[in-house]
$ cat protein_12.cif   # mmCIF, C-alpha atoms and all ligand atoms
data_work
loop_
_atom_site.label_atom_id
_atom_site.label_comp_id
_atom_site.auth_asym_id
_atom_site.auth_seq_id
_atom_site.Cartn_x
_atom_site.Cartn_y
_atom_site.Cartn_z
CA MET I 1 0.00 0.00 0.00
CA ALA I 2 2.76 2.38 1.03
CA ALA I 3 4.76 1.52 -2.10
CA ARG I 4 1.68 2.19 -4.25
CA SER I 5 1.08 5.63 -2.78
CA VAL I 6 4.76 6.54 -3.20
CA ALA I 7 4.52 5.48 -6.86
CA VAL I 8 1.32 7.51 -7.36
CA GLY I 9 3.00 10.52 -5.74
CA LEU I 10 6.03 10.25 -8.02
CA LEU I 11 3.82 9.91 -11.10
CA LYS I 12 1.77 12.97 -10.11
CA ARG I 13 4.95 14.97 -9.55
CA ALA I 14 6.41 13.96 -12.89
CA LEU I 15 3.16 14.82 -14.70
CA SER I 16 2.82 18.16 -13.00
CA SER I 17 6.42 19.17 -13.71
CA GLN I 18 5.98 18.12 -17.35
CA GLN I 19 2.85 20.24 -17.54
CA GLN I 20 4.67 23.12 -15.90
CA VAL I 21 7.51 22.88 -18.39
CA ARG I 22 5.02 22.99 -21.24
CA GLY I 23 3.27 25.91 -19.53
CA MET I 24 0.06 23.84 -19.62
CA SER I 25 -0.82 23.33 -15.97
CA SER I 26 -4.33 24.60 -15.29
CA ALA I 27 -3.11 25.62 -11.81
CA THR I 28 -0.30 27.73 -13.27
CA PRO I 29 -1.55 30.97 -14.85
CA LYS I 30 -0.13 32.22 -18.11
CA ARG I 31 2.52 34.83 -17.40
CA LYS I 32 4.08 37.06 -20.02
CA VAL I 33 7.43 38.57 -19.06
CA ALA I 34 9.29 41.23 -21.07
CA VAL I 35 12.98 42.07 -20.85
CA LEU I 36 13.78 45.58 -22.16
CA GLY I 37 17.47 45.77 -23.05
CA ALA I 38 17.42 42.08 -23.90
CA ALA I 39 20.42 42.11 -26.25
CA GLY I 40 22.73 43.54 -23.58
CA GLY I 41 25.18 42.08 -21.10
CA ILE I 42 22.48 41.49 -18.50
CA GLY I 43 19.60 41.11 -20.93
CA GLN I 44 20.94 38.02 -22.71
CA PRO I 45 21.60 35.79 -19.69
CA LEU I 46 18.48 37.13 -17.99
CA GLY I 47 16.43 36.18 -21.07
CA LEU I 48 18.00 32.74 -20.89
CA LEU I 49 17.13 32.32 -17.22
CA MET I 50 13.55 33.46 -17.78
CA LYS I 51 13.23 30.96 -20.63
CA LEU I 52 14.29 28.24 -18.19
CA ASN I 53 11.66 29.28 -15.66
CA PRO I 54 8.55 27.09 -15.87
CA LEU I 55 6.38 29.90 -14.47
CA VAL I 56 7.02 32.03 -17.57
CA THR I 57 4.71 31.11 -20.45
CA ASP I 58 5.56 33.98 -22.83
CA LEU I 59 8.87 35.78 -23.06
CA SER I 60 9.17 39.06 -24.93
CA LEU I 61 12.72 40.20 -25.68
CA TYR I 62 13.06 43.86 -26.65
CA ASP I 63 16.08 46.04 -27.46
CA ILE I 64 16.85 48.86 -29.85
CA ALA I 65 18.77 46.33 -32.00
CA GLY I 66 20.03 42.76 -31.99
CA THR I 67 17.00 41.09 -30.44
CA PRO I 68 15.87 38.92 -33.37
CA GLY I 69 19.10 36.92 -33.10
CA VAL I 70 18.98 36.64 -29.32
CA ALA I 71 15.32 35.62 -29.41
CA CYS I 72 15.87 33.05 -32.17
CA ASP I 73 18.76 31.53 -30.22
CA ILE I 74 16.87 31.35 -26.91
CA SER I 75 13.69 30.09 -28.61
CA HIS I 76 15.40 26.81 -29.56
CA ILE I 77 15.64 25.77 -25.90
CA ASN I 78 13.11 23.03 -25.21
CA THR I 79 11.27 24.66 -22.31
CA GLY I 80 7.68 25.88 -22.30
CA ALA I 81 7.90 29.65 -22.75
CA ASN I 82 7.06 31.03 -26.19
CA VAL I 83 9.75 33.52 -27.17
CA GLU I 84 9.42 36.59 -29.37
CA GLY I 85 12.05 39.18 -30.22
CA PHE I 86 11.34 42.85 -30.93
CA ALA I 87 13.82 45.46 -32.15
CA GLY I 88 13.40 49.22 -32.43
CA GLU I 89 10.92 51.66 -30.99
CA GLU I 90 8.27 50.87 -33.55
CA ASP I 91 8.10 47.35 -32.08
CA LEU I 92 7.93 48.38 -28.41
CA ALA I 93 4.13 48.40 -28.20
CA LYS I 94 3.98 44.82 -29.49
CA ALA I 95 6.71 43.76 -27.07
CA LEU I 96 4.79 45.14 -24.09
CA LYS I 97 1.24 44.15 -24.98
CA GLY I 98 -0.24 41.74 -22.42
CA CYS I 99 2.81 41.72 -20.14
CA ASP I 100 2.44 40.79 -16.48
CA LEU I 101 6.03 41.67 -15.61
CA VAL I 102 8.49 44.01 -17.32
CA ILE I 103 12.18 43.79 -16.39
CA ILE I 104 14.35 46.77 -17.41
CA PRO I 105 18.11 46.30 -17.78
CA ALA I 106 18.30 48.89 -20.61
CA GLY I 107 20.97 51.54 -20.51
CA VAL I 108 24.69 52.10 -20.24
CA PRO I 109 26.88 50.44 -17.59
CA ARG I 110 29.75 51.99 -15.62
CA LYS I 111 33.41 52.11 -16.58
CA PRO I 112 36.22 52.28 -13.97
CA GLY I 113 36.25 55.62 -12.15
CA MET I 114 32.54 56.30 -12.67
CA THR I 115 29.79 56.34 -10.05
CA ARG I 116 26.33 55.01 -10.83
CA ASP I 117 25.11 58.60 -10.79
CA ASP I 118 27.44 59.35 -13.71
CA LEU I 119 25.07 57.17 -15.78
CA PHE I 120 22.12 59.45 -15.02
CA ASN I 121 22.41 61.68 -18.08
CA ILE I 122 21.98 58.79 -20.52
CA ASN I 123 19.91 56.30 -18.57
CA ALA I 124 17.33 58.76 -17.18
CA GLY I 125 16.03 59.48 -20.70
CA ILE I 126 15.97 55.79 -21.62
CA VAL I 127 14.00 54.90 -18.50
CA ARG I 128 11.60 57.82 -19.00
CA SER I 129 10.70 56.69 -22.50
CA LEU I 130 10.38 53.01 -21.56
CA ALA I 131 8.20 53.88 -18.55
CA SER I 132 6.00 55.99 -20.79
CA ALA I 133 5.53 53.03 -23.16
CA ILE I 134 4.72 50.72 -20.24
CA ALA I 135 2.05 53.18 -19.04
CA GLU I 136 0.50 53.09 -22.51
CA HIS I 137 0.75 49.43 -23.42
CA CYS I 138 0.76 47.37 -20.18
CA PRO I 139 -0.19 49.72 -17.34
CA GLY I 140 -1.03 46.85 -14.98
CA ALA I 141 2.34 45.11 -15.24
CA LEU I 142 4.82 44.84 -12.39
CA VAL I 143 8.06 46.67 -13.26
CA ASN I 144 11.49 45.46 -12.11
CA MET I 145 13.97 48.33 -12.58
CA ILE I 146 17.60 47.25 -13.00
CA SER I 147 18.94 50.27 -14.94
CA ASN I 148 21.23 52.50 -12.90
CA PRO I 149 21.24 54.72 -10.99
CA VAL I 150 18.39 52.70 -9.42
CA ASN I 151 18.08 55.26 -6.60
CA SER I 152 16.93 57.76 -9.27
CA THR I 153 15.48 55.58 -12.06
CA VAL I 154 12.71 54.21 -9.82
CA PRO I 155 11.50 57.75 -8.93
CA ILE I 156 11.76 58.64 -12.65
CA ALA I 157 9.46 55.75 -13.61
CA ALA I 158 7.09 56.62 -10.75
CA GLU I 159 6.81 60.25 -11.90
CA VAL I 160 6.14 59.17 -15.50
CA PHE I 161 3.41 56.78 -14.30
CA LYS I 162 1.91 59.57 -12.16
CA GLN I 163 1.79 61.89 -15.17
CA LYS I 164 0.11 59.15 -17.21
CA GLY I 165 -2.35 58.36 -14.40
CA THR I 166 -1.22 54.73 -14.06
CA TYR I 167 1.00 54.91 -10.97
CA ASP I 168 0.53 52.17 -8.42
CA PRO I 169 3.38 52.07 -5.88
CA LYS I 170 2.75 48.37 -5.34
CA ARG I 171 3.87 47.57 -8.88
CA LEU I 172 7.21 49.37 -9.15
CA PHE I 173 10.41 47.79 -7.82
CA GLY I 174 14.08 48.74 -7.85
CA VAL I 175 16.03 45.49 -8.09
CA THR I 176 18.55 45.35 -5.22
CA THR I 177 18.75 41.56 -5.08
CA LEU I 178 22.38 41.56 -6.24
CA ASP I 179 23.32 43.32 -3.00
CA VAL I 180 21.64 40.53 -1.04
CA VAL I 181 23.31 37.88 -3.21
CA ARG I 182 26.71 39.48 -2.58
CA ALA I 183 26.18 39.87 1.19
CA ARG I 184 25.21 36.20 1.43
CA THR I 185 28.26 35.09 -0.57
CA PHE I 186 30.77 37.30 1.23
CA LEU I 187 29.48 36.35 4.70
CA ALA I 188 29.45 32.63 3.88
CA HIS I 189 33.03 32.78 2.59
CA ARG I 190 34.28 34.81 5.53
CA LYS I 191 32.72 32.53 8.17
CA GLY I 192 33.06 29.18 6.37
CA LEU I 193 29.28 28.68 6.16
CA ASN I 194 27.31 26.81 3.54
CA VAL I 195 26.15 29.69 1.34
CA ARG I 196 22.81 27.98 0.73
CA ASP I 197 21.94 28.40 4.42
CA VAL I 198 22.89 32.08 4.59
CA ASP I 199 20.61 35.09 4.30
CA VAL I 200 21.35 38.77 4.91
CA PRO I 201 18.82 41.58 4.50
CA VAL I 202 20.22 44.61 2.66
CA VAL I 203 18.34 47.89 3.01
CA GLY I 204 18.64 51.52 1.87
CA GLY I 205 19.35 52.03 -1.80
CA HIS I 206 21.62 50.72 -4.53
CA ALA I 207 24.77 52.86 -4.65
CA GLY I 208 27.82 53.08 -2.37
CA ILE I 209 26.99 53.95 1.22
CA THR I 210 23.25 53.82 0.52
CA ILE I 211 23.67 50.00 0.35
CA LEU I 212 23.28 48.94 3.99
CA PRO I 213 23.66 45.22 4.75
CA LEU I 214 22.18 44.21 8.10
CA PHE I 215 24.63 41.55 9.24
CA SER I 216 23.14 41.72 12.76
CA GLN I 217 20.01 40.13 11.24
CA ALA I 218 21.83 37.46 9.22
CA THR I 219 20.72 33.87 9.34
CA PRO I 220 22.34 31.86 10.73
CA LYS I 221 23.31 34.22 13.55
CA VAL I 222 27.00 35.09 13.31
CA ASP I 223 29.49 36.74 15.60
CA LEU I 224 31.58 39.28 13.71
CA SER I 225 34.48 41.30 15.08
CA ASP I 226 34.35 45.05 14.41
CA GLU I 227 36.96 44.59 11.67
CA GLU I 228 35.05 41.74 10.04
CA LEU I 229 31.78 43.69 10.14
CA ASP I 230 33.37 46.76 8.62
CA ALA I 231 35.15 44.75 5.90
CA LEU I 232 31.98 42.81 4.98
CA THR I 233 29.87 45.96 4.91
CA LYS I 234 32.34 47.83 2.69
CA ARG I 235 32.78 44.85 0.37
CA THR I 236 29.00 44.60 -0.09
CA GLN I 237 28.77 48.35 -0.73
CA ASP I 238 31.66 48.20 -3.22
CA GLY I 239 30.70 44.89 -4.86
CA GLY I 240 29.63 46.59 -8.08
CA THR I 241 32.84 48.61 -8.25
CA GLU I 242 34.88 45.44 -7.65
CA VAL I 243 33.34 43.94 -10.80
CA VAL I 244 33.67 47.18 -12.81
CA GLN I 245 37.39 47.27 -11.99
CA ALA I 246 37.90 43.58 -12.73
CA LYS I 247 36.21 44.02 -16.13
CA ALA I 248 38.54 46.95 -16.78
CA GLY I 249 36.35 49.01 -19.09
CA LYS I 250 34.21 46.17 -20.46
CA GLY I 251 31.16 46.94 -18.34
CA SER I 252 29.77 45.99 -14.95
CA ALA I 253 28.16 42.94 -13.38
CA THR I 254 26.09 41.07 -15.94
CA LEU I 255 26.05 37.36 -15.04
CA SER I 256 25.56 37.73 -11.28
CA MET I 257 23.02 40.46 -12.05
CA ALA I 258 21.12 38.21 -14.44
CA TYR I 259 21.02 35.56 -11.70
CA ALA I 260 19.83 38.11 -9.12
CA GLY I 261 17.29 39.60 -11.55
CA ALA I 262 15.93 36.14 -12.33
CA LEU I 263 15.57 35.35 -8.61
CA PHE I 264 13.66 38.56 -8.00
CA ALA I 265 11.47 38.19 -11.10
CA GLU I 266 10.59 34.65 -10.09
CA SER I 267 9.53 35.86 -6.64
CA CYS I 268 7.33 38.51 -8.27
CA VAL I 269 5.66 35.92 -10.49
CA LYS I 270 5.20 33.50 -7.59
CA GLY I 271 3.57 36.32 -5.61
CA MET I 272 1.29 37.16 -8.55
CA ASN I 273 0.35 33.48 -8.77
CA GLY I 274 -0.76 33.50 -5.14
CA ALA I 275 2.20 31.89 -3.37
CA GLN I 276 2.33 32.83 0.32
CA ASP I 277 5.18 34.33 2.30
CA ILE I 278 7.33 35.52 -0.56
CA VAL I 279 9.61 38.13 1.00
CA GLU I 280 12.43 39.93 -0.83
CA CYS I 281 14.41 43.11 -0.29
CA SER I 282 13.52 45.74 -2.88
CA TYR I 283 13.69 49.50 -3.39
CA VAL I 284 10.08 50.65 -3.34
CA ALA I 285 7.83 53.55 -2.35
CA SER I 286 8.12 53.45 1.40
CA SER I 287 7.40 55.17 4.69
CA VAL I 288 9.78 52.98 6.67
CA VAL I 289 12.31 55.80 7.12
CA PRO I 290 10.61 59.17 7.65
CA GLY I 291 11.61 61.68 4.96
CA LEU I 292 12.71 59.05 2.40
CA PRO I 293 9.88 58.34 -0.05
CA TYR I 294 11.76 55.40 -1.60
CA PHE I 295 13.75 52.91 0.39
CA SER I 296 14.83 49.31 0.07
CA SER I 297 13.69 46.93 2.78
CA LYS I 298 12.03 43.56 2.99
CA VAL I 299 8.69 43.52 1.19
CA ARG I 300 6.04 40.83 1.11
CA LEU I 301 5.03 40.04 -2.46
CA GLY I 302 1.57 38.98 -3.55
CA PRO I 303 -0.98 39.04 -6.36
CA ASN I 304 -0.80 42.85 -6.68
CA GLY I 305 2.95 43.26 -6.26
CA VAL I 306 3.95 44.73 -2.89
CA GLU I 307 1.47 43.44 -0.31
CA GLU I 308 3.38 44.84 2.66
CA VAL I 309 6.53 46.88 3.19
CA LEU I 310 8.19 45.40 6.26
CA GLY I 311 10.04 47.44 8.86
CA LEU I 312 13.78 47.39 9.47
CA GLY I 313 13.77 45.40 12.71
CA LYS I 314 16.31 46.20 15.42
CA LEU I 315 19.46 47.79 14.05
CA SER I 316 22.88 47.57 15.70
CA ASP I 317 24.62 50.85 16.56
CA TYR I 318 26.88 50.33 13.53
CA GLU I 319 23.88 49.89 11.23
CA GLN I 320 22.04 52.85 12.76
CA LYS I 321 25.08 55.04 11.99
CA GLY I 322 25.10 53.68 8.44
CA LEU I 323 21.41 54.52 8.11
CA ASP I 324 21.92 58.05 9.43
CA SER I 325 24.74 58.70 6.99
CA LEU I 326 23.01 57.38 3.86
CA LYS I 327 19.89 59.54 4.17
CA SER I 328 21.10 62.74 2.51
CA GLU I 329 22.71 60.99 -0.48
CA LEU I 330 19.64 58.82 -1.05
CA MET I 331 17.30 61.79 -0.77
CA SER I 332 19.25 63.84 -3.30
CA SER I 333 19.24 60.93 -5.79
CA ILE I 334 15.46 60.63 -5.33
CA GLU I 335 14.97 64.36 -5.87
CA LYS I 336 17.18 64.28 -8.95
CA GLY I 337 14.94 61.60 -10.48
CA VAL I 338 11.72 63.38 -9.54
CA ASN I 339 12.99 66.70 -10.91
CA PHE I 340 14.16 65.12 -14.15
CA VAL I 341 10.57 64.33 -15.03
CA ASN I 342 8.85 67.35 -13.54
CA VAL I 343 11.13 70.37 -13.84
CA LYS I 344 11.09 72.00 -17.25
CA THR I 345 14.50 73.29 -18.32
N1 LIG I 401 20.40 47.01 -10.29
C1 LIG I 401 21.56 46.39 -10.29
O1 LIG I 401 21.93 45.74 -9.31
C2 LIG I 401 22.43 46.42 -11.52
C3 LIG I 401 23.47 45.49 -11.66
C4 LIG I 401 24.25 45.52 -12.81
C5 LIG I 401 24.00 46.47 -13.79
N2 LIG I 401 22.99 47.36 -13.62
C6 LIG I 401 22.68 48.35 -14.67
O2 LIG I 401 21.98 47.71 -15.73
C7 LIG I 401 22.15 48.47 -16.92
C8 LIG I 401 22.50 47.57 -18.09
O3 LIG I 401 23.76 46.98 -17.90
P1 LIG I 401 24.39 46.00 -19.01
O4 LIG I 401 25.69 45.56 -18.48
O5 LIG I 401 23.39 45.01 -19.44
O6 LIG I 401 24.64 47.05 -20.21
P2 LIG I 401 24.80 46.72 -21.78
O7 LIG I 401 25.31 47.96 -22.41
O8 LIG I 401 25.55 45.47 -21.97
O9 LIG I 401 23.30 46.46 -22.24
C9 LIG I 401 22.33 47.46 -22.20
C10 LIG I 401 21.36 47.21 -23.31
O10 LIG I 401 20.37 48.23 -23.25
C11 LIG I 401 20.01 48.51 -24.59
N3 LIG I 401 19.30 49.78 -24.68
C12 LIG I 401 19.80 51.04 -24.73
N4 LIG I 401 18.80 51.92 -24.90
C13 LIG I 401 17.65 51.20 -24.95
C14 LIG I 401 16.29 51.53 -25.09
N5 LIG I 401 15.89 52.80 -25.24
N6 LIG I 401 15.39 50.53 -25.09
C15 LIG I 401 15.77 49.26 -24.95
N7 LIG I 401 17.07 48.87 -24.81
C16 LIG I 401 17.97 49.83 -24.81
C17 LIG I 401 21.32 48.48 -25.35
O11 LIG I 401 21.11 48.36 -26.74
C18 LIG I 401 22.01 47.29 -24.73
O12 LIG I 401 21.73 46.11 -25.44
C19 LIG I 401 23.22 49.52 -16.60
O13 LIG I 401 22.59 50.75 -16.31
C20 LIG I 401 23.87 48.98 -15.33
O14 LIG I 401 24.44 49.98 -14.55
C21 LIG I 401 22.20 47.34 -12.51
O1 LIG I 402 28.14 48.63 -10.09
C1 LIG I 402 27.50 48.85 -11.12
O2 LIG I 402 27.67 49.86 -11.81
C2 LIG I 402 26.49 47.85 -11.59
C3 LIG I 402 25.57 47.38 -10.50
O3 LIG I 402 24.88 48.42 -9.89
C4 LIG I 402 26.23 46.50 -9.49
O4 LIG I 402 25.98 46.66 -8.30
O5 LIG I 402 26.99 45.60 -9.91
#
$ encode --input "protein_12.cif" --output "structure tokens" --more "lines below"
Ligand SMILES: NC(=O)c1ccc[n+]([C@@H]2O[C@H](COP(=O)([O-])OP(=O)(O)OC[C@H]3O[C@@H](n4cnc5c(N)ncnc54)[C@H](O)[C@@H]3O)[C@@H](O)[C@H]2O)c1
Ligand SMILES: O=C(O)C[C@H](O)C(=O)O
Amino acid sequence: MAARSVAVGLLKRALSSQQQVRGMSSATPKRKVAVLGAAGGIGQPLGLLMKLNPLVTDLSLYDIAGTPGVACDISHINTGANVEGFAGEEDLAKALKGCDLVIIPAGVPRKPGMTRDDLFNINAGIVRSLASAIAEHCPGALVNMISNPVNSTVPIAAEVFKQKGTYDPKRLFGVTTLDVVRARTFLAHRKGLNVRDVDVPVVGGHAGITILPLFSQATPKVDLSDEELDALTKRTQDGGTEVVQAKAGKGSATLSMAYAGALFAESCVKGMNGAQDIVECSYVASSVVPGLPYFSSKVRLGPNGVEEVLGLGKLSDYEQKGLDSLKSELMSSIEKGVNFVNVKT
């Protein structure tokens, strides 16, 4: 009897995973995901990872050029998602139509010696025009903003959506998952832990000192000397710069970012599909820190996007100092984004 029920269980599991792979399960809703900037350093591996995700039934790959080739290549992979490639502004409406989730890694990356804010002049305009198209063609989609400077590009998208009358703070996310991925990796290496067991919330924003890892809230609990804490915090804050320098002029993090972006996108889709207790750190509209209208902290994801913005929990003195010192930089990046859309020059 026991052997029979084990066999039935295995059969059911195999059937349901086959159905999932084909995108045919009646329990799994159809989900169309778009990647804007899909021919780029992040866009290509992110497109690949989304094609491998059984929750994605339709994958729309958009860039200003180069997407037909990328889409053709990815479409040959024998997983369920239907893949379409779109190139050039005249194809943007088609790329966005019917999307549940839009991921934006479009824009220029840093070179050594640059800050993320140095990307503002080019990327702000790109994000403004993509946000405007999203408001027109898929206003109900969740938006995962990867393009830097995230601290400003999220407010830019929000202001565009407000102007278009489609703004819903629950649906707009700055992707800060790479900071969490880095904090987990660096802590696990430093303390000899299995990285799969390690989690570290990272709050604040996504640039330099605005990236604030909360090692006092890590799981498993760890004892860190003052030197270790300082070194781990700085390495997490400078993780992006470490990659920019290692790539020596050939861009910034792409592969680890694609991994992080795919993790976050999957959590968004799971939340939309009704999964419970999906919690991720993300840079969202927030009242967690008075005076900062956008802030990254843990958020609970659900059918409508952000279901709940969670508080910061108890901070150590070191983390409280970090929080106090990031506020003015984060606020000025937010204002810069807001003004870009609203102030006529
Ligand atoms: N949030 C994060 O943690 C994080 C991590 C890494 C990189 N980034 C940022 O992601 C962005 C992309 O980085 P990358 O390494 O993929 O750069 P990349 O130059 O390799 O690719 C960017 C792609 O965007 C495309 N693009 C430009 N304008 C566009 C438009 N109007 N519409 C659609 N696509 C457009 C380009 O054609 C290119 O294919 C950069 O701004 C980078 O700083 C963010
Ligand atoms: O550092 C960068 O410019 C890219 C990205 O924001 C990162 O953190 O890797």
$ residues_around --input "protein_12.cif" --residues "segment 43-49 of chain I" --least-positions-apart "2" --cutoff "8 Å" --atoms "all atoms listed in the file" --output "PyMOL selection string"
chain I and resi 35-41+51-53+59+61+70+74+105-106+254-255+258-259+261-262
$ atom_distance --input "protein_12.cif" --atom1 "atom CA of Val289 of chain I" --atom2 "atom CA of Leu310 of chain I"
11.2 Å
$ closest_residue --input "protein_12.cif" --among "I:Gly337, I:Gly88, I:Gly107, I:Pro169" --to "Glu308 of chain I" --atoms "all atoms listed in the file"
I:Pro169
$ atom_distance --input "protein_12.cif" --atom1 "atom CA of Pro213 of chain I" --atom2 "atom CA of Pro109 of chain I"
23.2 Å
$ residues_near_ligand --input "protein_12.cif" --ligand "ligand LIG 402 (chain I)" --cutoff "7 Å" --atoms "all atoms listed in the file" --output "list of chain:residue names"
I:Pro109, I:Arg110, I:Arg116, I:Asn148, I:Leu178, I:Asp179, I:His206, I:Ala207, I:Gly239, I:Gly240, I:Thr241, I:Val243, I:Val244, I:Ser252, I:Ala253, I:Met257
$ closest_residue --input "protein_12.cif" --among "I:Ser216, I:Asn82, I:Ser75, I:Asn194" --to "Arg31 of chain I" --atoms "all atoms listed in the file"
I:Asn82
$ closest_residue --input "protein_12.cif" --among "I:Pro303, I:Pro54, I:Pro29, I:Pro149" --to "ligand LIG 401 (chain I)" --atoms "only C-alpha atoms and all ligand atoms"
I:Pro149
$ decode --input "protein_12.cif" --residues "segment 147-158 of chain I" --atoms "N, CA and C atoms" --output "mmCIF file, in the first residue's frame"
data_model
loop_
_atom_site.group_PDB
_atom_site.id
_atom_site.type_symbol
_atom_site.label_atom_id
_atom_site.label_comp_id
_atom_site.auth_asym_id
_atom_site.auth_seq_id
_atom_site.Cartn_x
_atom_site.Cartn_y
_atom_site.Cartn_z
ATOM 1 N N SER I 147 18.089 49.196 -14.395
ATOM 2 C CA SER I 147 18.944 50.270 -14.943
ATOM 3 C C SER I 147 19.389 51.244 -13.856
ATOM 4 N N ASN I 148 20.653 51.580 -13.885
ATOM 5 C CA ASN I 148 21.232 52.496 -12.900
ATOM 6 C C ASN I 148 21.167 53.943 -13.362
ATOM 7 N N PRO I 149 21.205 54.893 -12.444
ATOM 8 C CA PRO I 149 21.239 54.719 -10.990
ATOM 9 C C PRO I 149 19.844 54.384 -10.436
ATOM 10 N N VAL I 150 19.694 53.173 -9.900
ATOM 11 C CA VAL I 150 18.389 52.702 -9.419
ATOM 12 C C VAL I 150 17.766 53.692 -8.432
ATOM 13 N N ASN I 151 18.624 54.322 -7.590
ATOM 14 C CA ASN I 151 18.078 55.263 -6.602
ATOM 15 C C ASN I 151 17.302 56.398 -7.269
ATOM 16 N N SER I 152 17.636 56.702 -8.535
ATOM 17 C CA SER I 152 16.927 57.759 -9.273
ATOM 18 C C SER I 152 15.988 57.202 -10.337
ATOM 19 N N THR I 153 16.320 56.050 -10.944
ATOM 20 C CA THR I 153 15.484 55.579 -12.064
ATOM 21 C C THR I 153 14.106 55.113 -11.580
ATOM 22 N N VAL I 154 14.034 54.603 -10.350
ATOM 23 C CA VAL I 154 12.715 54.213 -9.816
ATOM 24 C C VAL I 154 11.826 55.453 -9.628
ATOM 25 N N PRO I 155 12.332 56.529 -8.975
ATOM 26 C CA PRO I 155 11.505 57.755 -8.930
ATOM 27 C C PRO I 155 11.166 58.296 -10.318
ATOM 28 N N ILE I 156 12.076 58.176 -11.281
ATOM 29 C CA ILE I 156 11.757 58.643 -12.648
ATOM 30 C C ILE I 156 10.545 57.876 -13.184
ATOM 31 N N ALA I 157 10.589 56.553 -13.092
ATOM 32 C CA ALA I 157 9.463 55.753 -13.605
ATOM 33 C C ALA I 157 8.184 56.112 -12.855
ATOM 34 N N ALA I 158 8.280 56.289 -11.541
ATOM 35 C CA ALA I 158 7.086 56.619 -10.750
ATOM 36 C C ALA I 158 6.470 57.940 -11.226
#
